[in-house]
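Listing of query25.pdb; format and content: PDB, C-alpha atoms.
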MODEL        1
ATOM      1  CA  MET A   1     -15.366  32.013 -40.516
ATOM      2  CA  GLU A   2     -15.262  35.223 -42.566
ATOM      3  CA  LEU A   3     -12.365  35.314 -45.021
ATOM      4  CA  LEU A   4     -11.122  38.542 -46.580
ATOM      5  CA  SER A   5      -8.763  39.249 -49.427
ATOM      6  CA  THR A   6      -5.624  41.143 -48.516
ATOM      7  CA  SER A   7      -7.015  44.334 -50.063
ATOM      8  CA  ALA A   8     -10.324  43.955 -48.215
ATOM      9  CA  LEU A   9      -8.491  43.301 -44.962
ATOM     10  CA  ALA A  10      -6.327  46.392 -45.493
ATOM     11  CA  LYS A  11      -9.512  48.434 -45.888
ATOM     12  CA  LYS A  12     -10.914  46.987 -42.674
ATOM     13  CA  LEU A  13      -7.672  47.763 -40.833
ATOM     14  CA  GLU A  14      -7.689  51.248 -42.400
ATOM     15  CA  ILE A  15      -4.235  50.984 -43.908
ATOM     16  CA  VAL A  16      -2.968  51.269 -47.464
ATOM     17  CA  PRO A  17      -3.179  47.854 -49.269
ATOM     18  CA  LYS A  18       0.358  48.224 -50.604
ATOM     19  CA  GLN A  19       1.608  48.670 -47.043
ATOM     20  CA  LEU A  20      -0.131  45.492 -45.886
ATOM     21  CA  PHE A  21       1.213  43.466 -48.827
ATOM     22  CA  GLU A  22       4.728  44.721 -48.061
ATOM     23  CA  HIS A  23       4.331  43.884 -44.389
ATOM     24  CA  LEU A  24       3.111  40.347 -45.142
ATOM     25  CA  ALA A  25       6.097  39.807 -47.408
ATOM     26  CA  THR A  26       8.456  41.175 -44.735
ATOM     27  CA  ILE A  27       7.210  38.774 -42.052
ATOM     28  CA  GLY A  28       7.314  35.888 -44.523
ATOM     29  CA  TYR A  29       3.606  35.163 -44.969
ATOM     30  CA  ILE A  30       3.511  35.763 -48.733
ATOM     31  CA  GLN A  31       6.007  36.034 -51.547
ATOM     32  CA  ARG A  32       6.027  37.138 -55.164
ATOM     33  CA  GLN A  33       5.743  34.600 -57.966
ATOM     34  CA  ASP A  34       5.795  36.393 -61.296
ATOM     35  CA  THR A  35       2.940  38.910 -60.965
ATOM     36  CA  ASP A  36       1.059  37.078 -58.219
ATOM     37  CA  TRP A  37       1.323  36.824 -54.466
ATOM     38  CA  ILE A  38       1.452  33.277 -53.108
ATOM     39  CA  LEU A  39       1.194  31.944 -49.572
ATOM     40  CA  THR A  40       4.220  30.634 -47.745
ATOM     41  CA  THR A  41       4.098  27.833 -45.191
ATOM     42  CA  ALA A  42       4.200  30.470 -42.441
ATOM     43  CA  GLY A  43       1.268  32.274 -44.078
ATOM     44  CA  LYS A  44      -0.773  29.082 -44.175
ATOM     45  CA  ASP A  45       0.071  28.363 -40.536
ATOM     46  CA  ALA A  46      -1.153  31.870 -39.657
ATOM     47  CA  GLY A  47      -4.556  31.117 -41.221
ATOM     48  CA  GLY A  48      -4.077  32.216 -44.820
ATOM     49  CA  SER A  49      -5.682  30.282 -47.682
ATOM     50  CA  TYR A  50      -6.926  30.790 -51.243
ATOM     51  CA  LYS A  51     -10.297  31.750 -52.662
ATOM     52  CA  THR A  52     -11.477  32.238 -56.237
ATOM     53  CA  PHE A  53     -13.090  35.610 -57.004
ATOM     54  CA  GLY A  54     -14.838  35.191 -60.370
ATOM     55  CA  SER A  55     -12.921  36.829 -63.202
ATOM     56  CA  TYR A  56     -10.253  38.037 -60.760
ATOM     57  CA  GLY A  57      -9.059  34.495 -60.240
ATOM     58  CA  LYS A  58      -7.520  32.917 -57.158
ATOM     59  CA  LYS A  59      -6.501  35.308 -54.383
ATOM     60  CA  VAL A  60      -4.958  34.946 -50.945
ATOM     61  CA  VAL A  61      -7.522  35.382 -48.144
ATOM     62  CA  TRP A  62      -7.225  35.738 -44.383
ATOM     63  CA  PRO A  63      -9.470  35.300 -41.346
ATOM     64  CA  ALA A  64     -11.164  38.634 -40.658
ATOM     65  CA  ASP A  65      -9.940  38.685 -37.052
ATOM     66  CA  ILE A  66      -6.303  37.831 -37.786
ATOM     67  CA  ASP A  67      -3.697  40.147 -36.268
ATOM     68  CA  PHE A  68      -0.525  40.466 -38.353
ATOM     69  CA  TYR A  69       1.209  42.947 -36.123
ATOM     70  CA  GLU A  70       2.286  40.912 -33.104
ATOM     71  CA  ASP A  71       5.475  38.962 -32.559
ATOM     72  CA  GLU A  72       6.013  37.048 -29.330
ATOM     73  CA  ASP A  73       7.304  40.096 -27.410
ATOM     74  CA  GLU A  74       4.394  42.207 -28.592
ATOM     75  CA  LYS A  75       1.923  39.492 -27.630
ATOM     76  CA  LYS A  76       3.182  39.657 -24.075
ATOM     77  CA  GLU A  77       3.165  43.447 -24.020
ATOM     78  CA  SER A  78      -0.300  43.710 -25.567
ATOM     79  CA  GLN A  79      -1.905  41.003 -23.455
ATOM     80  CA  GLY A  80      -5.306  42.246 -22.330
ATOM     81  CA  LEU A  81      -5.282  45.134 -24.820
ATOM     82  CA  LEU A  82      -7.872  45.607 -27.553
ATOM     83  CA  ASN A  83      -7.530  46.903 -31.100
ATOM     84  CA  ALA A  84     -10.184  49.023 -32.811
ATOM     85  CA  THR A  85     -11.749  45.974 -34.444
ATOM     86  CA  LYS A  86     -12.353  44.266 -31.095
ATOM     87  CA  ILE A  87     -13.696  47.466 -29.564
ATOM     88  CA  GLY A  88     -16.014  47.942 -32.527
ATOM     89  CA  GLU A  89     -17.325  44.401 -32.212
ATOM     90  CA  SER A  90     -18.241  45.088 -28.577
ATOM     91  CA  PHE A  91     -20.315  48.112 -29.575
ATOM     92  CA  GLY A  92     -21.605  46.855 -32.913
ATOM     93  CA  VAL A  93     -19.830  49.482 -35.026
ATOM     94  CA  SER A  94     -16.925  49.437 -37.468
ATOM     95  CA  SER A  95     -13.285  49.842 -36.485
ATOM     96  CA  ARG A  96     -13.212  52.893 -38.732
ATOM     97  CA  LYS A  97     -15.897  54.563 -36.631
ATOM     98  CA  ILE A  98     -14.140  53.615 -33.396
ATOM     99  CA  ASN A  99     -10.863  55.095 -34.614
ATOM    100  CA  ALA A 100     -12.641  58.280 -35.706
ATOM    101  CA  LEU A 101     -14.350  58.688 -32.330
ATOM    102  CA  ILE A 102     -11.195  58.002 -30.333
ATOM    103  CA  SER A 103      -9.330  60.466 -32.509
ATOM    104  CA  GLU A 104     -12.027  63.086 -31.962
ATOM    105  CA  LEU A 105     -11.713  62.555 -28.221
ATOM    106  CA  GLY A 106      -8.050  63.459 -28.600
ATOM    107  CA  TRP A 107      -6.667  60.132 -27.370
ATOM    108  CA  MET A 108      -4.802  59.463 -30.625
ATOM    109  CA  LYS A 109      -4.241  61.205 -33.933
ATOM    110  CA  LYS A 110      -3.793  60.115 -37.525
ATOM    111  CA  GLU A 111      -0.621  60.895 -39.415
ATOM    112  CA  GLY A 112      -0.756  59.593 -42.959
ATOM    113  CA  SER A 113      -1.878  55.979 -42.677
ATOM    114  CA  CYS A 114      -0.618  55.643 -39.085
ATOM    115  CA  TRP A 115      -2.342  56.143 -35.737
ATOM    116  CA  LYS A 116      -0.203  57.920 -33.123
ATOM    117  CA  LEU A 117      -0.947  57.843 -29.412
ATOM    118  CA  THR A 118      -1.373  61.200 -27.610
ATOM    119  CA  LYS A 119      -0.641  62.090 -23.993
ATOM    120  CA  GLN A 120      -4.334  61.794 -23.201
ATOM    121  CA  GLY A 121      -4.434  58.321 -24.742
ATOM    122  CA  THR A 122      -1.425  57.272 -22.702
ATOM    123  CA  ARG A 123      -3.249  58.371 -19.552
ATOM    124  CA  LYS A 124      -6.071  56.015 -20.557
ATOM    125  CA  GLY A 125      -3.633  53.090 -20.487
ATOM    126  CA  ALA A 126      -3.216  52.686 -24.253
ATOM    127  CA  LYS A 127       0.062  51.558 -25.823
ATOM    128  CA  GLN A 128       1.733  52.405 -29.117
ATOM    129  CA  PHE A 129       2.969  49.625 -31.389
ATOM    130  CA  VAL A 130       5.091  49.787 -34.529
ATOM    131  CA  LYS A 131       5.576  46.986 -37.020
ATOM    132  CA  SER A 132       7.217  47.317 -40.439
ATOM    133  CA  GLY A 133       6.684  51.051 -40.393
ATOM    134  CA  ASN A 134       3.017  50.809 -39.418
ATOM    135  CA  HIS A 135       1.981  52.623 -36.225
ATOM    136  CA  TYR A 136      -1.107  51.472 -34.373
ATOM    137  CA  VAL A 137      -2.619  51.707 -30.893
ATOM    138  CA  LYS A 138      -4.145  49.160 -28.548
ATOM    139  CA  TRP A 139      -6.404  49.909 -25.605
ATOM    140  CA  PRO A 140      -7.088  48.420 -22.171
ATOM    141  CA  GLU A 141     -10.428  46.685 -21.663
ATOM    142  CA  SER A 142     -11.479  49.615 -19.471
ATOM    143  CA  ILE A 143     -12.107  51.577 -22.667
ATOM    144  CA  LEU A 144     -15.320  49.579 -23.059
ATOM    145  CA  THR A 145     -16.726  51.416 -20.049
ATOM    146  CA  GLU A 146     -15.253  54.838 -20.808
ATOM    147  CA  LYS A 147     -18.029  57.361 -20.257
ATOM    148  CA  LEU A 148     -16.843  59.772 -22.952
ATOM    149  CA  LEU A 149     -16.571  57.088 -25.614
ATOM    150  CA  ILE A 150     -19.995  55.701 -24.747
ATOM    151  CA  GLU A 151     -21.522  59.188 -24.923
ATOM    152  CA  SER A 152     -19.957  59.699 -28.353
ATOM    153  CA  LEU A 153     -21.329  56.359 -29.534
ATOM    154  CA  ASN A 154     -24.771  57.193 -28.160
ATOM    155  CA  SER A 155     -24.793  60.493 -30.005
ATOM    156  CA  LEU A 156     -24.261  58.654 -33.308
ATOM    157  CA  SER A 157     -27.519  56.783 -32.920
ATOM    158  CA  SER A 158     -29.379  59.801 -31.532
ATOM    159  CA  THR A 159     -29.749  57.910 -28.275
ATOM    160  CA  LYS A 160     -30.576  60.175 -25.363
ATOM    161  CA  ILE A 161     -27.649  60.076 -22.985
ATOM    162  CA  ASP A 162     -27.474  61.195 -19.398
ATOM    163  CA  GLU A 163     -30.193  63.817 -18.940
ATOM    164  CA  GLN A 164     -28.181  65.894 -16.525
ATOM    165  CA  SER A 165     -25.124  65.963 -18.764
ATOM    166  CA  ALA A 166     -27.152  66.941 -21.819
ATOM    167  CA  THR A 167     -28.803  69.917 -20.121
ATOM    168  CA  LYS A 168     -26.205  71.099 -17.636
ATOM    169  CA  ILE A 169     -24.749  74.146 -19.388
ATOM    170  CA  SER A 170     -23.581  77.155 -17.409
ATOM    171  CA  ASP A 171     -26.287  79.247 -15.714
ATOM    172  CA  PHE A 172     -25.317  82.201 -17.850
ATOM    173  CA  ARG A 173     -25.971  80.381 -21.129
ATOM    174  CA  GLN A 174     -29.216  78.897 -19.861
ATOM    175  CA  GLN A 175     -30.531  82.426 -19.604
ATOM    176  CA  LEU A 176     -29.912  82.949 -23.322
ATOM    177  CA  GLN A 177     -32.208  80.801 -25.418
ATOM    178  CA  ALA A 178     -31.004  79.712 -28.832
ATOM    179  CA  LYS A 179     -33.629  81.434 -30.968
ATOM    180  CA  LEU A 180     -31.648  82.706 -33.950
ATOM    181  CA  ARG A 181     -31.671  80.295 -36.886
ATOM    182  CA  THR A 182     -28.607  80.083 -39.113
ATOM    183  CA  THR A 183     -28.474  79.285 -42.812
ATOM    184  CA  ASP A 184     -27.685  75.614 -42.143
ATOM    185  CA  GLY A 185     -30.465  75.211 -39.581
ATOM    186  CA  HIS A 186     -28.584  75.647 -36.305
ATOM    187  CA  PHE A 187     -30.243  77.710 -33.592
ATOM    188  CA  VAL A 188     -27.735  79.988 -31.900
ATOM    189  CA  ARG A 189     -27.841  82.478 -29.031
ATOM    190  CA  SER A 190     -26.490  85.714 -30.490
ATOM    191  CA  LYS A 191     -26.168  87.626 -33.732
ATOM    192  CA  ALA A 192     -22.379  87.205 -33.641
ATOM    193  CA  GLU A 193     -22.709  83.429 -33.337
ATOM    194  CA  MET A 194     -25.116  83.465 -36.258
ATOM    195  CA  LEU A 195     -22.571  85.373 -38.373
ATOM    196  CA  ILE A 196     -19.827  82.889 -37.419
ATOM    197  CA  ASP A 197     -22.027  79.876 -38.183
ATOM    198  CA  ASN A 198     -23.119  81.326 -41.527
ATOM    199  CA  TRP A 199     -19.509  82.121 -42.439
ATOM    200  CA  LEU A 200     -18.428  78.540 -41.744
ATOM    201  CA  TYR A 201     -21.368  77.220 -43.743
ATOM    202  CA  MET A 202     -20.661  79.441 -46.755
ATOM    203  CA  ALA A 203     -16.990  78.432 -46.566
ATOM    204  CA  GLU A 204     -18.165  74.781 -46.740
ATOM    205  CA  ILE A 205     -16.477  73.919 -43.445
ATOM    206  CA  PRO A 206     -18.331  71.173 -41.505
ATOM    207  CA  HIS A 207     -18.951  72.309 -37.953
ATOM    208  CA  ALA A 208     -21.025  71.683 -34.830
ATOM    209  CA  TYR A 209     -22.602  74.227 -32.496
ATOM    210  CA  GLU A 210     -22.283  73.944 -28.709
ATOM    211  CA  ARG A 211     -20.223  70.773 -28.772
ATOM    212  CA  LYS A 212     -19.306  69.234 -25.404
ATOM    213  CA  LEU A 213     -15.566  68.959 -24.936
ATOM    214  CA  PRO A 214     -14.360  65.318 -24.744
ATOM    215  CA  ILE A 215     -13.457  65.559 -21.071
ATOM    216  CA  GLU A 216     -15.050  64.687 -17.744
ATOM    217  CA  GLU A 217     -15.668  68.351 -16.904
ATOM    218  CA  GLU A 218     -19.014  69.683 -18.117
ATOM    219  CA  VAL A 219     -17.786  72.240 -20.678
ATOM    220  CA  TYR A 220     -19.250  73.177 -24.055
ATOM    221  CA  SER A 221     -17.522  74.986 -26.905
ATOM    222  CA  ASP A 222     -19.319  77.524 -29.082
ATOM    223  CA  PHE A 223     -18.241  75.759 -32.275
ATOM    224  CA  TYR A 224     -16.291  72.633 -33.152
ATOM    225  CA  ILE A 225     -14.628  71.875 -36.501
ATOM    226  CA  PRO A 226     -13.803  68.154 -36.916
ATOM    227  CA  THR A 227     -11.216  68.901 -39.601
ATOM    228  CA  GLY A 228      -8.231  69.973 -37.575
ATOM    229  CA  LYS A 229     -10.098  69.289 -34.310
ATOM    230  CA  VAL A 230     -10.504  72.998 -33.733
ATOM    231  CA  TYR A 231     -12.742  74.682 -31.179
ATOM    232  CA  ILE A 232     -14.002  78.243 -31.602
ATOM    233  CA  GLU A 233     -15.015  80.456 -28.708
ATOM    234  CA  TYR A 234     -16.738  83.792 -29.215
ATOM    235  CA  TRP A 235     -16.248  86.131 -26.259
ATOM    236  CA  GLY A 236     -19.066  88.652 -26.434
ATOM    237  CA  TYR A 237     -19.933  89.788 -22.908
ATOM    238  CA  GLU A 238     -16.746  91.352 -21.641
ATOM    239  CA  ASN A 239     -18.584  93.623 -19.160
ATOM    240  CA  ASN A 240     -20.230  90.752 -17.256
ATOM    241  CA  GLU A 241     -18.248  89.599 -14.205
ATOM    242  CA  LYS A 242     -19.761  86.100 -14.121
ATOM    243  CA  TYR A 243     -19.064  85.721 -17.827
ATOM    244  CA  LEU A 244     -15.440  86.821 -17.410
ATOM    245  CA  ALA A 245     -14.966  84.344 -14.563
ATOM    246  CA  ARG A 246     -16.421  81.559 -16.687
ATOM    247  CA  LYS A 247     -14.207  82.624 -19.605
ATOM    248  CA  ALA A 248     -11.099  82.311 -17.424
ATOM    249  CA  GLU A 249     -12.187  78.825 -16.294
ATOM    250  CA  LYS A 250     -12.784  77.662 -19.868
ATOM    251  CA  LEU A 251      -9.428  78.986 -21.052
ATOM    252  CA  GLU A 252      -7.696  77.054 -18.279
ATOM    253  CA  ILE A 253      -9.465  73.882 -19.407
ATOM    254  CA  TYR A 254      -8.489  74.408 -23.053
ATOM    255  CA  LYS A 255      -4.902  74.903 -21.895
ATOM    256  CA  LYS A 256      -5.005  71.887 -19.551
ATOM    257  CA  TYR A 257      -6.040  69.479 -22.308
ATOM    258  CA  ASP A 258      -4.039  71.195 -25.049
ATOM    259  CA  PHE A 259      -7.064  71.600 -27.346
ATOM    260  CA  ASN A 260      -6.813  73.635 -30.532
ATOM    261  CA  LEU A 261      -8.651  76.889 -29.811
ATOM    262  CA  ILE A 262      -9.560  79.943 -31.869
ATOM    263  CA  GLU A 263     -10.832  82.942 -29.903
ATOM    264  CA  LEU A 264     -13.011  85.588 -31.532
ATOM    265  CA  ASN A 265     -14.346  88.898 -30.255
ATOM    266  CA  ASP A 266     -16.691  91.467 -31.775
ATOM    267  CA  LYS A 267     -13.937  93.132 -33.789
ATOM    268  CA  ASP A 268     -12.857  89.775 -35.219
ATOM    269  CA  VAL A 269     -16.438  88.949 -36.237
ATOM    270  CA  GLU A 270     -16.619  92.229 -38.149
ATOM    271  CA  ASN A 271     -13.522  91.190 -40.138
ATOM    272  CA  MET A 272     -13.956  87.421 -40.424
ATOM    273  CA  ASP A 273     -13.055  87.271 -44.119
ATOM    274  CA  ASP A 274      -9.577  88.515 -43.244
ATOM    275  CA  ILE A 275      -9.068  86.949 -39.831
ATOM    276  CA  LEU A 276     -10.750  83.539 -39.691
ATOM    277  CA  PRO A 277      -9.105  81.941 -42.783
ATOM    278  CA  VAL A 278      -5.672  82.721 -41.346
ATOM    279  CA  LEU A 279      -6.525  81.344 -37.906
ATOM    280  CA  LEU A 280      -8.058  78.174 -39.364
ATOM    281  CA  LEU A 281      -5.083  77.549 -41.644
ATOM    282  CA  LYS A 282      -2.846  77.234 -38.564
ATOM    283  CA  TYR A 283      -4.683  73.966 -37.866
ATOM    284  CA  GLY A 284      -4.771  72.759 -41.460
ATOM    285  CA  VAL A 285      -8.340  73.908 -42.181
ATOM    286  CA  LYS A 286      -8.669  75.567 -45.586
ATOM    287  CA  SER A 287     -11.627  77.855 -46.153
ATOM    288  CA  TYR A 288     -11.073  78.384 -49.891
TER
ENDMDL
END
Conversion result in structure tokens:
Amino acid sequence: MELLSTSALAKKLEIVPKQLFEHLATIGYIQRQDTDWILTTAGKDAGGSYKTFGSYGKKVVWPADIDFYEDEDEKKESQGLLNATKIGESFGVSSRKINALISELGWMKKEGSCWKLTKQGTRKGAKQFVKSGNHYVKWPESILTEKLLIESLNSLSSTKIDEQSATKISDFRQQLQAKLRTTDGHFVRSKAEMLIDNWLYMAEIPHAYERKLPIEEEVYSDFYIPTGKVYIEYWGYENNEKYLARKAEKLEIYKKYDFNLIELNDKDVENMDDILPVLLLKYGVKSY
């Protein structure tokens, strides 16, 4: 059985160590003795023990899979639900990566050291829990077969996912091959997109080109900025009826899922140094 120190366990759970120590003291698993933390009887019953770490001396350790955040009522409410650690074990990745992917999908969001459930996450059957000031989310077992999550996991390992999904972009965009290379190596479809990509690169803002929205509908954004979870759409063919119809459809989808969206046109691209920093700052993205 893997045993972790309290600090190591806090890192695994992605919470601040001080917060975990305070929580363990609150529920009566540990208590202060001079400058050290010692186990209580309740802490030992919960699986806590001691281990010597070289020059650091004897420290309290816990089973890696222990869950400190459930009382009897919560156990009943969370029956059949999975935390990020359990989900990660099913896919062979860390809980940190699972939380990041779920957050990117828009099913929950991070506020400080807490994870808060979103409306989309609630629709997936997830539930919000709070214990000693710590907010966390648990998920139904159906998340293990969620198509969007699996696609996101596949993309991490460069695994080729569904062929049709990967190539099914709108007919209009298929007619425009991505031949223009940007400074950071992306191949884009227009000069305006190249200017936008280069601007983001020079501003040191991590971004993706033609990122699929985390929804069932087959929709791709022009650009995606993980920081702030912001999508950028460049509208450059305002005289094309098919394009305008597709634009209206995409805007409805952005509105439906309440995604953060920045819209740019030709005039905006000509004045990006003045316009884009202001628009990005609305979503907490600083360009300089």
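Take the PyMOL selection byres ((chain A and resi 249-261) around 6) and apply it to this file: it picks A:Val230, A:Tyr231, A:Ile232, A:Arg246, A:Lys247, A:Ala248, A:Ile262.
Picture a line from CA of Tyr136 in chain A to CA of Glu104 in chain A; it runs 16.1 Å.
When the PyMOL selection byres ((chain A and resi 223) around 10) is run on the displayed coordinates, the residues it returns are A:Glu193, A:Ile196, A:Asp197, A:Leu200, A:His207, A:Ala208, A:Tyr209, A:Glu210, A:Arg211, A:Lys212, A:Tyr220, A:Ser221, A:Asp222, A:Tyr224, A:Ile225, A:Pro226, A:Val230, A:Tyr231, A:Ile232, A:Glu233, A:Tyr234, A:Leu261, A:Ile262.
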Note to self: Need to verify the contact set: Leu280 in chain A, 9 Å, all atoms listed in the file, exclusion of same-chain residues closer than 5 positions in sequence. Can you return it as an NGL selection string?
What the structure shows: :A and (228 or 230 or 262 or 275 or 285-287)
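Of note, CA of Trp199 in chain A and CA of Leu279 in chain A are spaced 13.8 Å apart.
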Next item on the list: Run the PyMOL selection byres ((chain A and resi 30-44) around 12) mentally over the shown coordinates, then write out the matched residues as number ranges by chain, using the chain letters and numbers from the document.
Entry: A: 5-6, 20-29, 45-51, 56-63, 66, 68
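Taking CA of Met1 in chain A and CA of Ala64 in chain A as the two end points, the separation is 7.8 Å.
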What would range 28-70 of chain A look like if you wrote it out as a JSON list (two decimals), in the first residue's frame, with C-alpha atoms included, from the block I just posted?
[["chain", "number", "residue", "atom", "x", "y", "z"],
["A", 28, "GLY", "CA", -9.97, 15.19, 14.67],
["A", 29, "TYR", "CA", -7.44, 13.07, 12.79],
["A", 30, "ILE", "CA", -4.35, 14.98, 13.95],
["A", 31, "GLN", "CA", -3.49, 17.47, 16.66],
["A", 32, "ARG", "CA", -0.63, 19.77, 17.53],
["A", 33, "GLN", "CA", 2.00, 18.73, 20.05],
["A", 34, "ASP", "CA", 4.57, 21.49, 20.40],
["A", 35, "THR", "CA", 5.76, 22.02, 16.81],
["A", 36, "ASP", "CA", 4.72, 18.62, 15.49],
["A", 37, "TRP", "CA", 1.52, 17.06, 14.24],
["A", 38, "ILE", "CA", 0.58, 13.77, 15.90],
["A", 39, "LEU", "CA", -2.07, 11.21, 15.05],
["A", 40, "THR", "CA", -5.20, 10.86, 17.11],
["A", 41, "THR", "CA", -7.02, 7.57, 17.65],
["A", 42, "ALA", "CA", -9.51, 8.63, 14.96],
["A", 43, "GLY", "CA", -6.62, 9.34, 12.58],
["A", 44, "LYS", "CA", -5.15, 5.90, 13.17],
["A", 45, "ASP", "CA", -8.56, 4.29, 12.65],
["A", 46, "ALA", "CA", -8.82, 6.16, 9.33],
["A", 47, "GLY", "CA", -5.55, 4.59, 8.14],
["A", 48, "GLY", "CA", -2.96, 7.10, 9.32],
["A", 49, "SER", "CA", 0.44, 5.95, 10.61],
["A", 50, "TYR", "CA", 4.02, 7.17, 10.96],
["A", 51, "LYS", "CA", 7.04, 6.92, 8.70],
["A", 52, "THR", "CA", 10.61, 8.17, 9.12],
["A", 53, "PHE", "CA", 11.92, 10.40, 6.31],
["A", 54, "GLY", "CA", 15.70, 10.57, 6.80],
["A", 55, "SER", "CA", 16.80, 13.88, 8.30],
["A", 56, "TYR", "CA", 13.20, 15.12, 8.34],
["A", 57, "GLY", "CA", 12.34, 12.66, 11.07],
["A", 58, "LYS", "CA", 9.05, 10.91, 11.77],
["A", 59, "LYS", "CA", 6.03, 12.19, 9.84],
["A", 60, "VAL", "CA", 2.36, 11.27, 9.65],
["A", 61, "VAL", "CA", 1.51, 9.32, 6.48],
["A", 62, "TRP", "CA", -1.76, 8.26, 4.88],
["A", 63, "PRO", "CA", -2.92, 5.68, 2.34],
["A", 64, "ALA", "CA", -2.75, 7.26, -1.11],
["A", 65, "ASP", "CA", -6.40, 6.45, -1.83],
["A", 66, "ILE", "CA", -7.82, 7.76, 1.45],
["A", 67, "ASP", "CA", -10.71, 10.21, 1.17],
["A", 68, "PHE", "CA", -10.85, 12.76, 4.00],
["A", 69, "TYR", "CA", -13.84, 14.65, 2.73],
["A", 70, "GLU", "CA", -16.78, 12.35, 3.42]]
